[in-house]
$ cat query-v9.txt   # compact mmCIF, C-alpha atoms
# COMPACT_ATOMS: atom_id res chain seq x y z
CA SER E 23 22.23 62.17 -42.10
CA MET E 24 19.44 63.86 -44.03
CA LEU E 25 20.25 66.98 -45.98
CA GLU E 26 17.72 69.70 -45.27
CA PRO E 27 16.11 70.99 -48.44
CA THR E 28 17.97 74.11 -49.43
CA ARG E 29 18.39 75.87 -52.73
CA TYR E 30 21.89 75.43 -53.95
CA ARG E 31 23.89 76.76 -56.82
CA ASN E 32 26.35 74.87 -58.97
CA SER E 33 29.35 75.97 -56.92
CA GLN E 34 27.91 74.36 -53.89
CA LEU E 35 27.39 70.98 -55.50
CA ALA E 36 30.97 69.94 -54.88
CA THR E 37 30.64 70.51 -51.11
CA LEU E 38 27.29 68.76 -51.14
CA ALA E 39 28.86 65.75 -52.74
CA SER E 40 31.43 65.48 -49.99
CA HIS E 41 28.76 65.87 -47.29
CA HIS E 42 26.72 63.16 -48.85
CA SER E 43 29.47 60.64 -49.41
CA PHE E 44 28.68 57.18 -48.15
CA SER E 45 30.65 55.71 -45.33
CA PRO E 46 32.48 52.52 -46.37
CA LYS E 47 30.02 50.36 -44.45
CA GLN E 48 27.02 51.89 -46.20
CA ALA E 49 28.68 51.51 -49.58
CA ILE E 50 29.16 47.78 -49.11
CA CYS E 51 25.58 47.26 -48.05
CA ALA E 52 24.28 49.26 -50.94
CA MET E 53 26.32 47.45 -53.57
CA SER E 54 26.32 43.84 -52.46
CA ARG E 55 23.44 41.73 -53.59
CA SER E 56 23.92 38.78 -51.29
CA SER E 57 23.07 38.86 -47.62
CA SER E 58 25.74 39.21 -45.04
CA SER E 59 25.19 35.89 -43.31
CA ILE E 60 26.91 32.80 -44.68
CA LEU E 61 23.68 30.90 -44.10
CA ASP E 62 21.83 33.03 -46.63
CA ARG E 63 24.30 32.58 -49.43
CA PRO E 64 23.79 29.80 -51.98
CA LEU E 65 25.46 26.50 -51.22
CA GLY E 66 28.32 26.61 -53.61
CA ARG E 67 29.43 26.58 -57.18
CA SER E 68 28.21 23.93 -59.51
CA ALA E 69 28.44 23.67 -63.26
CA GLY E 70 26.17 26.07 -65.04
CA ARG E 71 25.99 28.58 -62.23
CA SER E 72 27.59 31.98 -62.28
CA PRO E 73 29.89 32.92 -59.36
CA ASP E 74 27.07 34.51 -57.42
CA GLY E 75 25.12 31.28 -57.64
CA SER E 76 22.30 32.57 -59.82
CA VAL E 77 20.70 30.41 -62.49
CA VAL E 78 18.59 31.65 -65.39
CA SER E 79 15.35 29.89 -66.21
CA LEU E 80 15.48 28.11 -69.55
CA SER E 81 11.80 28.88 -70.11
CA ALA E 82 12.44 32.59 -69.58
CA PHE E 83 15.26 32.51 -72.11
CA ALA E 84 13.14 30.48 -74.56
CA TYR E 85 10.30 33.02 -74.44
CA VAL E 86 12.58 36.03 -74.88
CA TYR E 87 14.45 34.27 -77.68
CA SER E 88 11.18 33.33 -79.36
CA GLU E 89 10.16 37.00 -79.37
CA LEU E 90 13.57 38.02 -80.72
CA VAL E 91 13.22 35.60 -83.62
CA GLN E 92 9.67 36.74 -84.37
CA TYR E 93 10.76 40.39 -84.21
CA HIS E 94 13.48 39.83 -86.79
CA GLN E 95 11.34 37.56 -88.94
CA GLY E 96 8.84 40.38 -89.35
CA ARG E 97 11.59 42.68 -90.62
CA ALA E 98 13.63 40.33 -92.77
CA ALA E 99 12.88 39.80 -96.44
CA SER E 100 14.63 36.46 -96.79
CA ILE E 101 15.92 33.51 -94.79
CA SER E 102 19.54 34.61 -95.11
CA GLU E 103 18.63 38.11 -93.96
CA LEU E 104 16.92 36.64 -90.91
CA GLU E 105 20.02 34.61 -90.15
CA ARG E 106 22.25 37.67 -90.51
CA ARG E 107 19.98 39.67 -88.17
CA LEU E 108 20.11 36.93 -85.53
CA GLU E 109 23.89 36.74 -85.91
CA SER E 110 24.31 40.47 -85.42
CA ALA E 111 22.02 40.25 -82.40
CA GLY E 112 24.46 37.78 -80.86
CA TYR E 113 27.61 39.65 -81.86
CA GLY E 114 27.46 42.21 -79.07
CA VAL E 115 26.86 39.45 -76.55
CA GLY E 116 30.00 37.70 -77.81
CA LEU E 117 32.21 40.74 -77.24
CA LYS E 118 31.05 40.99 -73.64
CA VAL E 119 31.15 37.25 -72.99
CA LEU E 120 34.78 37.22 -74.13
CA GLU E 121 35.76 39.85 -71.54
CA MET E 122 33.75 38.25 -68.78
CA THR E 123 34.96 34.70 -69.39
CA ALA E 124 38.60 35.72 -69.76
CA TYR E 125 38.39 37.72 -66.52
CA ARG E 126 36.72 34.90 -64.59
CA ALA E 127 39.23 32.37 -65.89
CA LYS E 128 41.90 34.65 -64.42
CA GLU E 129 43.94 34.46 -67.58
CA THR E 130 46.97 36.68 -67.32
CA LYS E 131 47.85 36.42 -70.98
CA ARG E 132 45.47 36.68 -73.90
CA GLU E 133 45.38 33.93 -76.49
CA THR E 134 47.37 34.58 -79.62
CA ARG E 135 47.29 31.15 -81.25
CA LEU E 136 44.43 29.80 -83.32
CA MET E 137 44.04 26.46 -81.58
CA SER E 138 44.14 28.09 -78.14
CA ILE E 139 41.36 30.52 -78.94
CA LEU E 140 39.28 27.72 -80.43
CA HIS E 141 39.76 25.66 -77.29
CA PHE E 142 38.86 28.69 -75.22
CA VAL E 143 35.61 29.09 -77.16
CA SER E 144 34.59 25.45 -77.20
CA ALA E 145 35.44 24.89 -73.53
CA SER E 146 35.37 28.07 -71.39
CA VAL E 147 32.88 30.16 -73.36
CA TRP E 148 30.55 27.21 -73.83
CA LYS E 149 30.68 26.42 -70.14
CA ALA E 150 29.95 30.02 -69.23
CA LEU E 151 26.98 30.18 -71.60
CA PHE E 152 25.51 26.70 -71.50
CA GLY E 153 26.94 25.01 -68.42
CA LYS E 154 29.00 22.43 -70.27
CA ALA E 155 31.79 22.32 -72.85
CA ALA E 156 30.97 21.88 -76.53
CA ASP E 157 30.74 18.27 -77.63
CA SER E 158 33.52 18.41 -80.15
CA LEU E 159 35.87 20.66 -82.07
CA GLU E 160 36.86 19.53 -85.54
CA ARG E 161 38.97 20.77 -88.37
CA SER E 162 37.67 20.62 -91.90
CA ILE E 163 39.53 18.29 -94.23
CA ASP E 164 38.79 20.17 -97.44
CA HIS E 165 39.47 23.70 -96.22
CA THR E 166 42.38 24.63 -93.97
CA ASP E 167 40.65 27.80 -92.78
CA GLU E 168 37.48 26.06 -91.58
CA PHE E 169 36.77 24.58 -88.17
CA MET E 170 33.61 23.15 -86.70
CA ILE E 171 32.25 23.34 -83.16
CA ILE E 172 29.60 20.70 -82.59
CA ASP E 173 26.84 20.75 -80.00
CA TYR E 174 24.39 17.86 -79.79
CA GLU E 175 21.92 19.79 -77.65
CA PRO E 176 22.08 23.42 -78.80
CA LEU E 177 20.28 25.54 -76.25
CA ALA E 178 18.77 28.27 -78.38
CA SER E 179 16.86 25.83 -80.57
CA THR E 180 15.63 23.53 -77.76
CA PHE E 181 11.95 24.24 -78.39
CA VAL E 182 12.09 25.46 -81.96
CA SER E 183 10.53 23.59 -84.89
CA VAL E 184 11.62 25.20 -88.14
CA PRO E 185 8.78 24.95 -90.67
CA PRO E 186 9.64 23.27 -93.99
CA ASP E 187 9.27 26.49 -95.99
CA LEU E 188 12.17 28.00 -94.04
CA GLY E 189 14.27 24.98 -94.98
CA GLN E 190 17.86 25.67 -94.17
CA LEU E 191 17.38 28.16 -91.35
CA SER E 192 19.15 27.29 -88.14
CA ALA E 193 17.62 28.77 -85.02
CA ASP E 194 21.11 28.77 -83.49
CA ALA E 195 22.22 31.65 -85.72
CA TYR E 196 22.20 33.77 -82.56
CA VAL E 197 24.87 31.54 -81.01
CA SER E 198 27.01 31.72 -84.12
CA GLY E 199 26.80 35.50 -83.72
CA ILE E 200 28.07 35.13 -80.16
CA ILE E 201 31.01 33.01 -81.34
CA ALA E 202 31.82 35.55 -84.05
CA GLY E 203 31.80 38.30 -81.42
CA VAL E 204 34.15 36.35 -79.16
CA LEU E 205 36.58 35.61 -81.99
CA ASP E 206 36.50 39.14 -83.39
CA GLY E 207 37.03 40.62 -79.95
CA ALA E 208 40.01 38.36 -79.43
CA GLY E 209 41.56 39.46 -82.70
CA PHE E 210 40.68 36.42 -84.82
CA SER E 211 38.12 37.71 -87.29
CA ALA E 212 35.98 34.93 -88.65
CA ARG E 213 32.70 34.23 -90.37
CA VAL E 214 30.63 31.86 -88.26
CA THR E 215 27.51 30.12 -89.50
CA ALA E 216 25.17 27.65 -87.81
CA HIS E 217 24.01 24.49 -89.54
CA SER E 218 21.51 21.88 -88.47
CA VAL E 219 22.83 18.44 -89.35
CA THR E 220 20.95 15.18 -88.86
CA VAL E 221 22.50 12.92 -86.28
CA GLU E 222 23.44 9.53 -87.68
CA GLU E 223 22.32 6.27 -86.11
CA GLY E 224 24.44 5.47 -83.11
CA GLU E 225 26.56 8.56 -83.53
CA TYR E 226 25.97 9.99 -80.09
CA THR E 227 24.93 7.81 -77.23
CA LYS E 228 24.77 10.09 -74.25
CA GLN E 229 22.42 7.83 -72.30
CA GLY E 230 20.35 7.82 -75.48
CA GLY E 231 18.14 10.60 -74.21
CA ASN E 232 17.64 14.30 -73.88
CA SER E 233 18.70 16.58 -71.04
CA MET E 234 15.16 17.91 -71.14
CA PRO E 235 12.95 15.36 -69.41
CA GLY E 236 9.89 14.46 -71.45
CA LEU E 237 11.33 15.44 -74.81
CA PRO E 238 12.51 12.84 -77.30
CA PRO E 239 16.23 12.65 -78.20
CA ARG E 240 17.17 15.41 -80.60
CA LYS E 241 17.36 14.46 -84.25
CA ASP E 242 19.68 17.28 -85.26
CA LYS E 243 22.96 18.53 -83.96
CA ALA E 244 24.18 22.09 -84.38
CA VAL E 245 27.43 22.50 -86.31
CA PHE E 246 28.99 25.95 -86.02
CA LEU E 247 31.24 26.44 -89.00
CA VAL E 248 34.05 28.89 -88.28
CA LYS E 249 35.84 30.29 -91.31
CA PHE E 250 38.82 32.44 -90.38
CA SER E 251 40.01 35.37 -92.47
CA PRO E 252 43.18 34.79 -94.50
CA GLU E 253 45.22 37.32 -92.46
CA VAL E 254 44.45 35.37 -89.27
CA LEU E 255 45.76 32.18 -90.83
CA SER E 256 48.90 33.75 -92.24
CA ARG E 257 49.58 35.42 -88.89
CA ASP E 258 49.17 32.09 -87.11
CA ALA E 259 51.47 30.39 -89.63
CA ALA E 260 54.08 33.10 -89.05
CA LEU E 261 53.86 32.55 -85.28
CA GLU E 262 54.40 28.87 -85.87
CA ARG E 263 57.90 29.53 -87.09
CA MET F 27 -3.12 0.17 -73.93
CA GLY F 28 -5.72 1.24 -76.35
CA PHE F 29 -5.19 4.89 -77.07
CA LEU F 30 -7.38 6.08 -79.91
CA HIS F 31 -7.22 9.77 -80.77
CA LEU F 32 -5.86 13.04 -79.46
CA PHE F 33 -7.72 16.26 -80.31
CA ILE F 34 -6.72 19.75 -79.38
CA VAL F 35 -9.42 22.42 -79.76
CA ASN F 36 -8.67 26.14 -79.51
CA LYS F 37 -10.79 28.61 -77.63
CA SER F 38 -12.93 29.47 -80.66
CA GLY F 39 -13.79 25.84 -81.26
CA GLY F 40 -11.44 25.22 -84.18
CA LEU F 41 -9.46 22.00 -84.24
CA ILE F 42 -5.75 22.68 -84.07
CA LEU F 43 -4.49 19.12 -83.80
CA HIS F 44 -5.81 15.65 -84.33
CA ARG F 45 -3.55 12.67 -84.09
CA PRO F 46 -4.25 8.95 -84.08
CA LEU F 47 -2.36 7.46 -81.16
CA GLY F 48 -2.44 3.78 -81.95
CA PRO F 49 -3.31 1.12 -84.47
CA ALA F 50 -6.84 0.72 -83.10
CA ALA F 51 -7.75 4.31 -83.90
CA PRO F 52 -10.30 4.53 -86.70
CA ARG F 53 -9.10 6.50 -89.67
CA ILE F 54 -11.43 9.47 -90.17
CA GLY F 55 -11.17 12.21 -92.81
CA THR F 56 -9.95 15.71 -91.93
CA ASN F 57 -13.31 17.41 -92.51
CA GLU F 58 -15.00 14.91 -90.25
CA MET F 59 -12.38 15.60 -87.61
CA LEU F 60 -12.99 19.36 -87.82
CA ARG F 61 -16.69 18.74 -87.39
CA ILE F 62 -16.06 16.52 -84.36
CA GLY F 63 -13.86 19.20 -82.84
CA SER F 64 -16.36 22.01 -83.13
CA THR F 65 -19.27 19.78 -82.06
CA PHE F 66 -17.41 18.82 -78.93
CA HIS F 67 -16.61 22.46 -78.25
CA SER F 68 -20.29 23.39 -78.35
CA LEU F 69 -21.38 20.41 -76.28
CA HIS F 70 -18.74 21.24 -73.70
CA ALA F 71 -20.13 24.73 -73.30
CA ILE F 72 -23.79 23.67 -73.27
CA ALA F 73 -23.17 20.93 -70.70
CA ALA F 74 -22.15 23.48 -68.07
CA GLU F 75 -25.49 25.26 -68.53
CA ALA F 76 -27.55 22.10 -68.64
CA SER F 77 -25.94 20.61 -65.55
CA PRO F 78 -28.14 20.47 -62.43
CA VAL F 79 -25.08 21.25 -60.33
CA LYS F 80 -23.56 24.65 -61.00
CA LEU F 81 -20.05 25.64 -59.93
CA PRO F 82 -19.50 29.21 -58.71
CA GLY F 83 -18.76 31.45 -61.67
CA ASN F 84 -19.07 28.41 -63.93
CA LYS F 85 -15.38 27.74 -63.35
CA ASN F 86 -13.82 24.59 -61.98
CA SER F 87 -11.12 24.37 -59.33
CA PHE F 88 -8.34 24.96 -61.88
CA GLY F 89 -9.81 28.24 -63.06
CA ALA F 90 -10.94 26.75 -66.35
CA ASP F 91 -14.51 26.94 -67.61
CA ASP F 92 -16.78 24.19 -66.37
CA GLY F 93 -17.84 21.64 -68.93
CA ILE F 94 -17.58 18.02 -70.02
CA GLU F 95 -14.69 16.27 -68.35
CA GLN F 96 -15.41 12.67 -69.23
CA ILE F 97 -17.69 10.68 -71.48
CA GLU F 98 -17.92 6.92 -71.09
CA GLY F 99 -19.44 5.01 -73.93
CA GLY F 100 -19.82 1.37 -74.84
CA GLY F 101 -16.54 0.97 -76.63
CA MET F 102 -14.59 4.01 -75.59
CA ILE F 103 -13.83 6.56 -72.94
CA LEU F 104 -13.25 10.25 -73.70
CA LYS F 105 -11.46 12.61 -71.36
CA CYS F 106 -11.10 16.34 -71.69
CA LEU F 107 -8.74 18.76 -70.00
CA GLN F 108 -9.65 22.40 -70.44
CA THR F 109 -7.07 25.00 -69.57
CA ARG F 110 -7.65 28.50 -68.22
CA THR F 111 -6.96 29.88 -71.65
CA GLY F 112 -9.78 27.87 -73.19
CA ILE F 113 -7.70 25.21 -74.99
CA LYS F 114 -9.21 21.76 -74.73
CA PHE F 115 -7.07 18.64 -74.79
CA VAL F 116 -9.32 15.69 -75.61
CA ILE F 117 -8.23 12.08 -75.66
CA THR F 118 -10.20 8.99 -76.58
CA ALA F 119 -9.17 5.51 -75.52
CA GLU F 120 -10.47 2.00 -75.08
CA PRO F 121 -12.16 1.40 -71.73
CA GLY F 122 -9.82 0.35 -68.98
CA THR F 123 -6.87 2.47 -70.13
CA PRO F 124 -5.26 3.88 -66.98
CA ASP F 125 -3.77 7.29 -66.24
CA LEU F 126 -5.60 9.29 -68.88
CA ASP F 127 -5.78 12.43 -66.71
CA ALA F 128 -2.06 12.34 -66.00
CA LEU F 129 -1.40 11.75 -69.69
CA LEU F 130 -3.48 14.79 -70.65
CA ARG F 131 -1.53 16.94 -68.21
CA GLU F 132 1.75 15.69 -69.68
CA ILE F 133 0.50 16.57 -73.16
CA TYR F 134 -0.43 20.03 -71.87
CA VAL F 135 3.15 20.45 -70.61
CA LEU F 136 4.48 19.35 -73.99
CA TYR F 137 2.20 21.92 -75.64
CA THR F 138 3.58 24.71 -73.44
CA ASP F 139 7.14 23.63 -74.20
CA CYS F 140 7.11 22.68 -77.86
CA ALA F 141 4.35 24.86 -79.28
CA LEU F 142 4.23 27.99 -77.13
CA LYS F 143 8.01 28.45 -77.07
CA ASP F 144 8.32 27.93 -80.82
CA PRO F 145 8.79 31.29 -82.57
CA PHE F 146 7.19 29.89 -85.72
CA TYR F 147 3.94 28.80 -84.07
CA GLU F 148 1.01 31.20 -84.23
CA LEU F 149 -1.43 31.00 -81.36
CA GLU F 150 -4.79 29.37 -82.08
CA MET F 151 -3.54 28.12 -85.46
CA PRO F 152 -3.17 24.43 -86.37
CA ILE F 153 -0.08 23.03 -84.71
CA ARG F 154 2.59 22.22 -87.27
CA CYS F 155 5.49 21.92 -84.83
CA GLU F 156 7.41 18.77 -85.60
CA LEU F 157 8.89 18.80 -82.13
CA PHE F 158 5.44 18.70 -80.53
CA THR F 159 4.15 15.77 -82.59
CA ASN F 160 7.41 13.83 -82.06
CA ALA F 161 7.23 14.49 -78.36
CA VAL F 162 3.61 13.29 -78.18
CA ASP F 163 4.49 10.09 -80.06
CA HIS F 164 7.49 9.60 -77.79
CA LEU F 165 5.29 10.09 -74.73
CA ILE F 166 2.73 7.54 -75.94
CA GLU F 167 5.54 5.07 -76.63
CA ARG F 168 6.95 5.57 -73.15
CA VAL F 169 3.54 5.11 -71.54
CA GLU F 170 2.80 1.95 -73.47
CA MET F 171 6.11 0.47 -72.47
CA GLY F 172 6.47 1.40 -68.87
CA GLY F 173 3.46 3.34 -67.69
CA LEU F 174 3.48 6.98 -66.69
CA LYS F 175 6.19 7.95 -64.24
CA SER F 176 6.02 11.38 -62.70
CA ARG F 177 8.34 13.92 -64.35
$ encode --input "query-v9.txt" --output "structure tokens"
Amino acid sequence: SMLEPTRYRNSQLATLASHHSFSPKQAICAMSRSSSSILDRPLGRSAGRSPDGSVVSLSAFAYVYSELVQYHQGRAASISELERRLESAGYGVGLKVLEMTAYRAKETKRETRLMSILHFVSASVWKALFGKAADSLERSIDHTDEFMIIDYEPLASTFVSVPPDLGQLSADAYVSGIIAGVLDGAGFSARVTAHSVTVEEGEYTKQGGNSMPGLPPRKDKAVFLVKFSPEVLSRDAALER
Amino acid sequence: MGFLHLFIVNKSGGLILHRPLGPAAPRIGTNEMLRIGSTFHSLHAIAAEASPVKLPGNKNSFGADDGIEQIEGGGMILKCLQTRTGIKFVITAEPGTPDLDALLREIYVLYTDCALKDPFYELEMPIRCELFTNAVDHLIERVEMGGLKSR
């Protein structure tokens, strides 16, 4: 029902709002994105798809990410500053990804133990972001507060070639920011850094190829080094008892 | 398969990549390569004017500028793929090498993936992306072993 144009004062806005309220049927049509018929909805869930079936183009992400890196590179004075900027760009994403993934996993209790949150990150969060779980989760031998999440085909750096004068820069610094956001949001504050490590001969034989057709097998794997704060470790040790 | 050289020329005529693709490729100095690149760029443009057959708007069916597509000589064949943005992918090979057009298109796809999506690559500048050169070498290896399969 169309409201005829009338001049109204503030006191009348409340009554207008009730006149103009949507009927339940209209509300559903306005808010739902998928069509009503079962034939129009996507076929079903498969790995890498969000619950509404949508898939994001890797090329679209690569172009936006490329611009993000160039934007920060123009404003950073050093390689480490660039890495820190990329990490803080990913931090906010991590906080939101934590909430979304925990909700979708229908967890009724939040994780309070170190190993559980690490498994949550390397399995659930990775699957939500990249469509598959991380390739491995390792604990450092030398340092008890350090863990490593390893990905042989890190997504953010799929098309990136770091020039030699930027040496140690890892283009996956954005992802380490996401991990830091997830861990911080869950109450496990940590410093997360991304490192590009050369893959050894015969170390990883996933059909010897690359998920990207046409590209050669990747020479470097991404190692995300997670260093927890001391209070997190002492809290976890206390829970152990 | 006798692949010789790959050249990529930007829209101003500057050479942004030259790569020998096989052992038969003659080793030529960088300055000579730059000269070859810009000479080809000029010839490509002049050929469209000199041709007795003119395409409408001087553009071919792909929207790219009309110009030299193939040169066959005594000991080699040269093929050129020009894109709408003016980049020319030029490959030289020994006569009788099959699938050169398809190979050029594959190299174009590799360029869009490995160079254009690289945040550290500046457009129209010489290509220094390790990923691109590795991918080209990998592609040539694959073609020599098994021929070009569609993606």
$ interface_residues --input "query-v9.txt" --of "chain E" --to "chain F" --cutoff "6 Å" --atoms "all atoms listed in the file" --output "number ranges by chain"
E: 85, 88, 92, 181-183, 237-238
$ residues_near_point --input "query-v9.txt" --point "(17.8, 30.9, -86.6)" --cutoff "8 Å" --atoms "all atoms listed in the file" --output "PyMOL selection string"
chain E and resi 91+104-105+108+179+191-196
$ residues_around --input "query-v9.txt" --residues "Gly112 (chain F)" --least-positions-apart "3" --cutoff "12 Å" --atoms "all atoms listed in the file" --output "JSON, numbers by chain"
{"F": [34, 35, 36, 37, 38, 39, 40, 67, 70, 71, 85, 88, 89, 90, 91, 92, 93, 106, 107, 108, 109, 115, 150]}
$ atom_distance --input "query-v9.txt" --atom1 "CA of Phe33 (chain F)" --atom2 "CA of Val79 (chain F)"
26.9 Å
$ atom_distance --input "query-v9.txt" --atom1 "CA of Tyr125 (chain E)" --atom2 "CA of Leu247 (chain E)"
26.1 Å
$ axis_aligned_box --input "query-v9.txt" --around "region 143-162 of chain E" --padding-each-side "6 Å" --output "lines of an AutoDock Vina configuration file"
center_x = 32.2
center_y = 24.2
center_z = -80.2
size_x = 25.5
size_y = 23.9
size_z = 35.5
$ atom_distance --input "query-v9.txt" --atom1 "CA of Glu160 (chain E)" --atom2 "CA of Leu140 (chain E)"
10.0 Å
$ residues_around --input "query-v9.txt" --residues "Pro124 (chain F)" --least-positions-apart "3" --cutoff "12 Å" --atoms "only C-alpha atoms" --output "ChimeraX atom specification"
/F:27-29,103,105,118-121,127-130,169-170,173-174
$ residues_near_point --input "query-v9.txt" --point "(22.0, 7.1, -86.9)" --cutoff "12 Å" --atoms "all atoms listed in the file" --output "number ranges by chain"
E: 219-227, 230, 239-243
$ closest_residue --input "query-v9.txt" --among "F:Leu43, F:Leu126, F:His31, F:Glu95" --to "Ala73 (chain F)" --atoms "only C-alpha atoms"
F:Glu95
$ residues_around --input "query-v9.txt" --residues "Ala208 (chain E)" --least-positions-apart "2" --cutoff "12 Å" --atoms "all atoms listed in the file" --output "short mmCIF file (atom, residue, chain, number, x, y, z; two decimals) with C-alpha atoms, in the frame of the given file"
data_model
loop_
_atom_site.label_atom_id
_atom_site.label_comp_id
_atom_site.auth_asym_id
_atom_site.auth_seq_id
_atom_site.Cartn_x
_atom_site.Cartn_y
_atom_site.Cartn_z
CA GLY E 116 30.00 37.70 -77.81
CA LEU E 117 32.21 40.74 -77.24
CA LYS E 118 31.05 40.99 -73.64
CA VAL E 119 31.15 37.25 -72.99
CA LEU E 120 34.78 37.22 -74.13
CA GLU E 121 35.76 39.85 -71.54
CA THR E 123 34.96 34.70 -69.39
CA ALA E 124 38.60 35.72 -69.76
CA LYS E 131 47.85 36.42 -70.98
CA ARG E 132 45.47 36.68 -73.90
CA GLU E 133 45.38 33.93 -76.49
CA THR E 134 47.37 34.58 -79.62
CA ARG E 135 47.29 31.15 -81.25
CA LEU E 136 44.43 29.80 -83.32
CA SER E 138 44.14 28.09 -78.14
CA ILE E 139 41.36 30.52 -78.94
CA LEU E 140 39.28 27.72 -80.43
CA PHE E 142 38.86 28.69 -75.22
CA VAL E 143 35.61 29.09 -77.16
CA ILE E 201 31.01 33.01 -81.34
CA ALA E 202 31.82 35.55 -84.05
CA GLY E 203 31.80 38.30 -81.42
CA VAL E 204 34.15 36.35 -79.16
CA LEU E 205 36.58 35.61 -81.99
CA ASP E 206 36.50 39.14 -83.39
CA PHE E 210 40.68 36.42 -84.82
CA SER E 211 38.12 37.71 -87.29
CA ALA E 212 35.98 34.93 -88.65
CA VAL E 254 44.45 35.37 -89.27
#
